[in-house]
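Coordinates as given in start-v9.cif (mmCIF, C-alpha atoms and all ligand atoms):
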```
data_run
loop_
_atom_site.label_atom_id
_atom_site.label_comp_id
_atom_site.auth_asym_id
_atom_site.auth_seq_id
_atom_site.Cartn_x
_atom_site.Cartn_y
_atom_site.Cartn_z
CA MET A 85 88.04 29.84 137.73
CA SER A 86 86.40 26.64 138.93
CA ILE A 87 87.48 23.37 137.40
CA TYR A 88 84.02 23.02 135.80
CA ARG A 89 84.19 26.44 134.14
CA LEU A 90 87.69 25.62 132.95
CA MET A 91 86.50 22.31 131.48
CA ALA A 92 83.57 24.06 129.81
CA ALA A 93 85.97 26.60 128.29
CA VAL A 94 88.22 23.81 127.00
CA VAL A 95 85.27 21.98 125.47
CA LEU A 96 84.05 25.16 123.76
CA ALA A 97 87.55 25.85 122.41
CA LEU A 98 87.76 22.31 121.02
CA VAL A 99 84.34 22.63 119.41
CA ALA A 100 85.35 25.96 117.84
CA ALA A 101 88.61 24.47 116.54
CA ASN A 102 86.71 21.61 114.93
CA VAL A 103 84.08 23.65 113.11
CA GLN A 104 85.75 23.00 109.74
CA ALA A 105 86.36 19.32 110.38
CA ALA A 106 84.10 16.61 109.08
CA ASP A 107 83.66 12.87 109.31
CA ILE A 108 84.00 10.43 106.44
CA SER A 109 81.88 7.39 107.20
CA GLY A 110 80.44 4.47 105.34
CA THR A 111 80.89 0.76 104.77
CA VAL A 112 83.39 -1.50 103.08
CA THR A 113 82.17 -4.75 101.52
CA ALA A 114 84.91 -7.39 101.52
CA HIS A 115 83.80 -9.80 98.80
CA GLY A 116 84.59 -13.45 99.48
CA MET A 117 85.51 -12.88 103.14
CA ARG A 118 83.67 -14.25 106.19
CA ASN A 119 83.07 -10.70 107.41
CA ASN A 120 84.00 -7.12 106.51
CA ALA A 121 86.45 -6.47 109.36
CA ASP A 122 90.14 -5.52 109.17
CA ALA A 123 90.08 -3.16 106.21
CA VAL A 124 92.03 0.07 106.76
CA VAL A 125 90.45 3.12 105.14
CA TYR A 126 92.77 6.14 105.03
CA ILE A 127 93.55 9.42 103.32
CA ASP A 128 96.75 9.16 101.30
CA SER A 129 99.54 11.74 101.56
CA ILE A 130 98.37 15.34 101.18
CA PRO A 131 100.85 17.46 99.16
CA GLY A 132 102.52 20.07 101.37
CA LYS A 133 101.24 18.55 104.62
CA ASP A 134 103.35 16.79 107.22
CA PHE A 135 101.91 15.33 110.39
CA SER A 136 103.68 14.78 113.71
CA PRO A 137 103.39 11.26 115.05
CA PRO A 138 101.88 10.79 118.50
CA GLN A 139 104.30 11.00 121.45
CA GLU A 140 102.71 7.99 123.10
CA PRO A 141 103.30 4.55 121.59
CA MET A 142 100.49 2.33 120.35
CA THR A 143 100.32 -1.23 121.69
CA ILE A 144 99.78 -4.64 120.17
CA ASP A 145 99.22 -7.32 122.80
CA GLN A 146 100.10 -11.00 122.49
CA LYS A 147 97.53 -12.82 124.59
CA ASP A 148 96.31 -16.42 124.41
CA MET A 149 98.58 -16.78 121.38
CA VAL A 150 96.73 -14.11 119.43
CA PHE A 151 97.92 -10.65 118.38
CA GLU A 152 95.41 -8.04 119.54
CA PRO A 153 94.45 -6.06 117.55
CA HIS A 154 94.86 -8.13 114.39
CA VAL A 155 95.21 -4.99 112.23
CA LEU A 156 96.61 -1.72 113.60
CA PRO A 157 96.77 1.40 111.42
CA VAL A 158 99.20 4.10 112.58
CA LEU A 159 100.56 7.41 111.33
CA VAL A 160 104.11 7.11 109.89
CA GLY A 161 106.59 7.80 112.70
CA THR A 162 104.49 6.07 115.36
CA THR A 163 106.18 3.67 117.78
CA VAL A 164 104.39 0.40 118.47
CA ASP A 165 104.97 -1.50 121.72
CA PHE A 166 104.63 -5.25 121.42
CA LEU A 167 103.49 -6.57 124.78
CA ASN A 168 103.61 -10.19 125.88
CA SER A 169 100.69 -11.09 128.16
CA ASP A 170 101.22 -14.85 128.03
CA ALA A 171 103.12 -16.97 130.54
CA PHE A 172 105.57 -18.11 127.86
CA LEU A 173 107.93 -16.48 125.37
CA HIS A 174 106.74 -14.78 122.20
CA ASN A 175 108.72 -13.24 119.36
CA VAL A 176 107.80 -10.55 116.82
CA PHE A 177 109.41 -10.23 113.42
CA THR A 178 108.47 -9.04 109.94
CA PRO A 179 109.83 -10.12 106.56
CA ASP A 180 108.77 -6.76 105.07
CA LYS A 181 111.51 -4.44 103.79
CA CYS A 182 109.50 -1.27 104.46
CA ALA A 183 109.77 -2.16 108.17
CA GLU A 184 113.49 -3.02 107.86
CA LYS A 185 112.71 -6.75 108.33
CA PHE A 186 112.88 -6.17 112.08
CA ASN A 187 113.20 -9.02 114.55
CA LEU A 188 112.72 -8.02 118.18
CA GLY A 189 113.88 -11.31 119.72
CA SER A 190 111.76 -12.93 122.40
CA TRP A 191 110.66 -11.73 125.80
CA PRO A 192 108.61 -12.89 128.77
CA LYS A 193 105.23 -11.99 130.21
CA GLY A 194 104.66 -8.37 131.22
CA GLU A 195 107.46 -7.01 129.03
CA ALA A 196 107.27 -5.14 125.74
CA ARG A 197 109.64 -4.36 122.88
CA SER A 198 109.17 -1.54 120.43
CA TYR A 199 109.57 -0.62 116.80
CA THR A 200 109.06 2.78 115.14
CA PHE A 201 107.48 2.65 111.68
CA LYS A 202 109.46 5.19 109.66
CA GLN A 203 107.79 4.96 106.25
CA PRO A 204 104.46 4.02 104.73
CA CYS A 205 104.23 0.25 105.10
CA ALA A 206 101.80 -2.61 105.44
CA ALA A 207 103.93 -4.93 107.55
CA VAL A 208 102.94 -8.47 108.42
CA LEU A 209 103.92 -9.40 111.98
CA LEU A 210 104.80 -12.96 112.80
CA CYS A 211 105.98 -14.93 115.84
CA ASN A 212 108.72 -17.49 115.21
CA VAL A 213 107.56 -19.53 118.22
CA HIS A 214 103.94 -19.84 117.05
CA PRO A 215 103.61 -20.01 113.25
CA GLU A 216 99.83 -19.53 113.39
CA MET A 217 100.19 -16.05 114.90
CA GLU A 218 99.79 -13.17 112.45
CA ALA A 219 98.97 -9.46 112.58
CA PHE A 220 99.49 -6.32 110.51
CA VAL A 221 100.66 -2.78 111.20
CA VAL A 222 99.63 -0.43 108.42
CA ALA A 223 101.65 2.80 108.61
CA VAL A 224 99.97 5.54 106.58
CA PRO A 225 100.98 9.14 105.71
CA THR A 226 98.10 10.98 107.39
CA PRO A 227 96.31 10.76 110.75
CA TYR A 228 93.01 10.29 108.88
CA PHE A 229 92.40 6.55 109.04
CA ALA A 230 89.99 3.97 110.45
CA THR A 231 89.50 0.23 110.50
CA THR A 232 86.24 -1.48 109.62
CA ASP A 233 84.21 -3.53 112.05
CA ARG A 234 82.70 -6.90 111.15
CA ALA A 235 79.76 -5.16 109.47
CA GLY A 236 82.22 -3.12 107.38
CA ALA A 237 81.42 0.19 109.06
CA PHE A 238 84.15 2.80 109.44
CA LYS A 239 84.39 6.44 110.50
CA ILE A 240 87.33 8.79 109.94
CA THR A 241 86.94 11.85 112.15
CA GLY A 242 88.27 15.41 112.09
CA VAL A 243 88.94 15.69 108.35
CA PRO A 244 89.32 19.25 107.00
CA ASP A 245 87.28 20.07 103.91
CA GLY A 246 89.18 19.33 100.72
CA THR A 247 89.78 16.85 97.92
CA TYR A 248 91.76 13.74 98.77
CA THR A 249 92.73 10.29 97.64
CA ILE A 250 91.13 7.63 99.80
CA LYS A 251 92.84 4.25 99.92
CA VAL A 252 91.64 0.98 101.36
CA TRP A 253 94.03 -1.75 102.44
CA HIS A 254 92.96 -5.30 103.36
CA PRO A 255 95.09 -8.31 104.38
CA LYS A 256 93.79 -10.45 101.51
CA LEU A 257 91.97 -8.25 99.00
CA LYS A 258 93.10 -5.85 96.28
CA GLU A 259 93.87 -2.29 97.37
CA VAL A 260 91.36 0.31 96.24
CA SER A 261 92.05 3.98 95.54
CA GLN A 262 89.43 6.66 94.99
CA GLU A 263 89.17 10.45 94.87
CA ILE A 264 86.86 12.05 97.41
CA THR A 265 85.74 15.63 98.00
CA VAL A 266 84.95 16.39 101.62
CA ALA A 267 82.65 19.34 102.31
CA GLY A 268 81.11 18.61 105.66
CA ASP A 269 80.25 15.08 106.76
CA THR A 270 80.69 12.73 103.83
CA LYS A 271 79.43 9.21 103.13
CA LEU A 272 81.46 6.67 101.22
CA ASP A 273 80.76 3.01 100.40
CA LEU A 274 83.53 0.87 98.95
CA GLU A 275 83.90 -2.65 97.59
CA LEU A 276 86.98 -4.85 97.82
CA LYS A 277 87.63 -7.76 95.50
CA LYS A 278 90.16 -10.56 95.15
CA LYS A 279 93.67 -9.73 93.94
CU CU B 301 104.15 -16.42 119.91
#
```

Show me the file's structure as structure tokens.
Amino acid sequence: MSIYRLMAAVVLALVAANVQAADISGTVTAHGMRNNADAVVYIDSIPGKDFSPPQEPMTIDQKDMVFEPHVLPVLVGTTVDFLNSDAFLHNVFTPDKCAEKFNLGSWPKGEARSYTFKQPCAAVLLCNVHPEMEAFVVAVPTPYFATTDRAGAFKITGVPDGTYTIKVWHPKLKEVSQEITVAGDTKLDLELKKK
């Protein structure tokens, strides 16, 4: 079989496997914020369903004294590599119990240190060298999550039809929880307000 026929077969198999899966898309309005970015929209735990975390780690970079990305959602069990891309030392620690208040020490340019998020957690990440640095890892119980862009748009892909609890987390605004029934592609608009 030629490589092209093989690729075509793989694509067709993937399409067939995804027939039942839908997208949840829409916008989040973050009232009182400069823009609508950095909200995490996700499906909360589904009774009777466990999901395997990805084998490959996710990465948060420290570059020009900024954590990139600022907000990283992951499936519980995912390992995050914290990379230093600056020519000086950075540190990463969290005061949050759900991430075991980890402190990874400090390390030079080109190196990374890792932490595996073992339970649902919205952990703030700080650097004890640069107090202005801040980021968040949001570990959630399902692989169905997305972050919003500055316009507030989000898209969760590959969701099987069903009824779920959608949650929205934001660094500064009150968490929102809402039931949703997915039967094919589904639209959802949400509003976040002050705590
Ligand atoms: Cu730093």

Compile a residue-level contact table for chain A against ligand CU 301 (chain B) at a cut-off of 9 Å, reporting for every qualifying residue the shortest atom pair and its distance in Å to one decimal, with all atoms listed in the file counted, rows ordered by chain and ascending number, as CSV.
```
residue,atom,partner,partner_atom,distance
A:Gln146,CA,B:CU301,CU,7.2
A:Lys147,CA,B:CU301,CU,8.9
A:Met149,CA,B:CU301,CU,5.8
A:Val150,CA,B:CU301,CU,7.8
A:Phe151,CA,B:CU301,CU,8.6
A:Asn168,CA,B:CU301,CU,8.6
A:Asp170,CA,B:CU301,CU,8.8
A:Phe172,CA,B:CU301,CU,8.3
A:Leu173,CA,B:CU301,CU,6.6
A:His174,CA,B:CU301,CU,3.8
A:Asn175,CA,B:CU301,CU,5.6
A:Val176,CA,B:CU301,CU,7.6
A:Ser190,CA,B:CU301,CU,8.7
A:Leu210,CA,B:CU301,CU,7.9
A:Cys211,CA,B:CU301,CU,4.7
A:Asn212,CA,B:CU301,CU,6.6
A:Val213,CA,B:CU301,CU,4.9
A:His214,CA,B:CU301,CU,4.5
A:Pro215,CA,B:CU301,CU,7.6
A:Glu216,CA,B:CU301,CU,8.4
A:Met217,CA,B:CU301,CU,6.4
```

Write the residues you've just listed into a file as a CSV table (one decimal), keeping the file's coordinate frame, and include C-alpha atoms for each of them.
```
chain,number,residue,atom,x,y,z
A,146,GLN,CA,100.1,-11.0,122.5
A,147,LYS,CA,97.5,-12.8,124.6
A,149,MET,CA,98.6,-16.8,121.4
A,150,VAL,CA,96.7,-14.1,119.4
A,151,PHE,CA,97.9,-10.6,118.4
A,168,ASN,CA,103.6,-10.2,125.9
A,170,ASP,CA,101.2,-14.8,128.0
A,172,PHE,CA,105.6,-18.1,127.9
A,173,LEU,CA,107.9,-16.5,125.4
A,174,HIS,CA,106.7,-14.8,122.2
A,175,ASN,CA,108.7,-13.2,119.4
A,176,VAL,CA,107.8,-10.6,116.8
A,190,SER,CA,111.8,-12.9,122.4
A,210,LEU,CA,104.8,-13.0,112.8
A,211,CYS,CA,106.0,-14.9,115.8
A,212,ASN,CA,108.7,-17.5,115.2
A,213,VAL,CA,107.6,-19.5,118.2
A,214,HIS,CA,103.9,-19.8,117.0
A,215,PRO,CA,103.6,-20.0,113.2
A,216,GLU,CA,99.8,-19.5,113.4
A,217,MET,CA,100.2,-16.0,114.9
```

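The closest residue to Leu274 of chain A, picked from A:Lys181, A:His115, A:Arg89, A:Lys202 and counting all atoms listed in the file, is A:His115.
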
Top pick for closest residue to Pro179 of chain A, considering A:Phe229, A:Trp253, A:Phe238, A:Phe220 and counting only C-alpha atoms: A:Phe220

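Counting only C-alpha atoms, the residue from A:Ser198, A:Thr226, A:Thr143, A:Thr232 that sits nearest to Phe177 of chain A is A:Ser198.
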
Can you find the residues with an atom no farther than 12 Å from (99.7, 19.9, 101.5), counting only C-alpha atoms, and report them as a PyMOL selection string? chain A and resi 128-135+225-226+244+246-248

Generate a file of the selected residues that holds C-alpha atoms, formatted as a CSV table (one decimal), in the frame of the given file.
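The resulting file, result-v2.csv, is shown below:
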```
chain,number,residue,atom,x,y,z
A,128,ASP,CA,96.8,9.2,101.3
A,129,SER,CA,99.5,11.7,101.6
A,130,ILE,CA,98.4,15.3,101.2
A,131,PRO,CA,100.8,17.5,99.2
A,132,GLY,CA,102.5,20.1,101.4
A,133,LYS,CA,101.2,18.6,104.6
A,134,ASP,CA,103.4,16.8,107.2
A,135,PHE,CA,101.9,15.3,110.4
A,225,PRO,CA,101.0,9.1,105.7
A,226,THR,CA,98.1,11.0,107.4
A,244,PRO,CA,89.3,19.2,107.0
A,246,GLY,CA,89.2,19.3,100.7
A,247,THR,CA,89.8,16.8,97.9
A,248,TYR,CA,91.8,13.7,98.8
```

Which residues are close to Ser261 of chain A, i.e. within 9 Å by all atoms listed in the file, leaving aside same-chain residues fewer than 6 positions away? Reply as a PyMOL selection string. chain A and resi 249-252
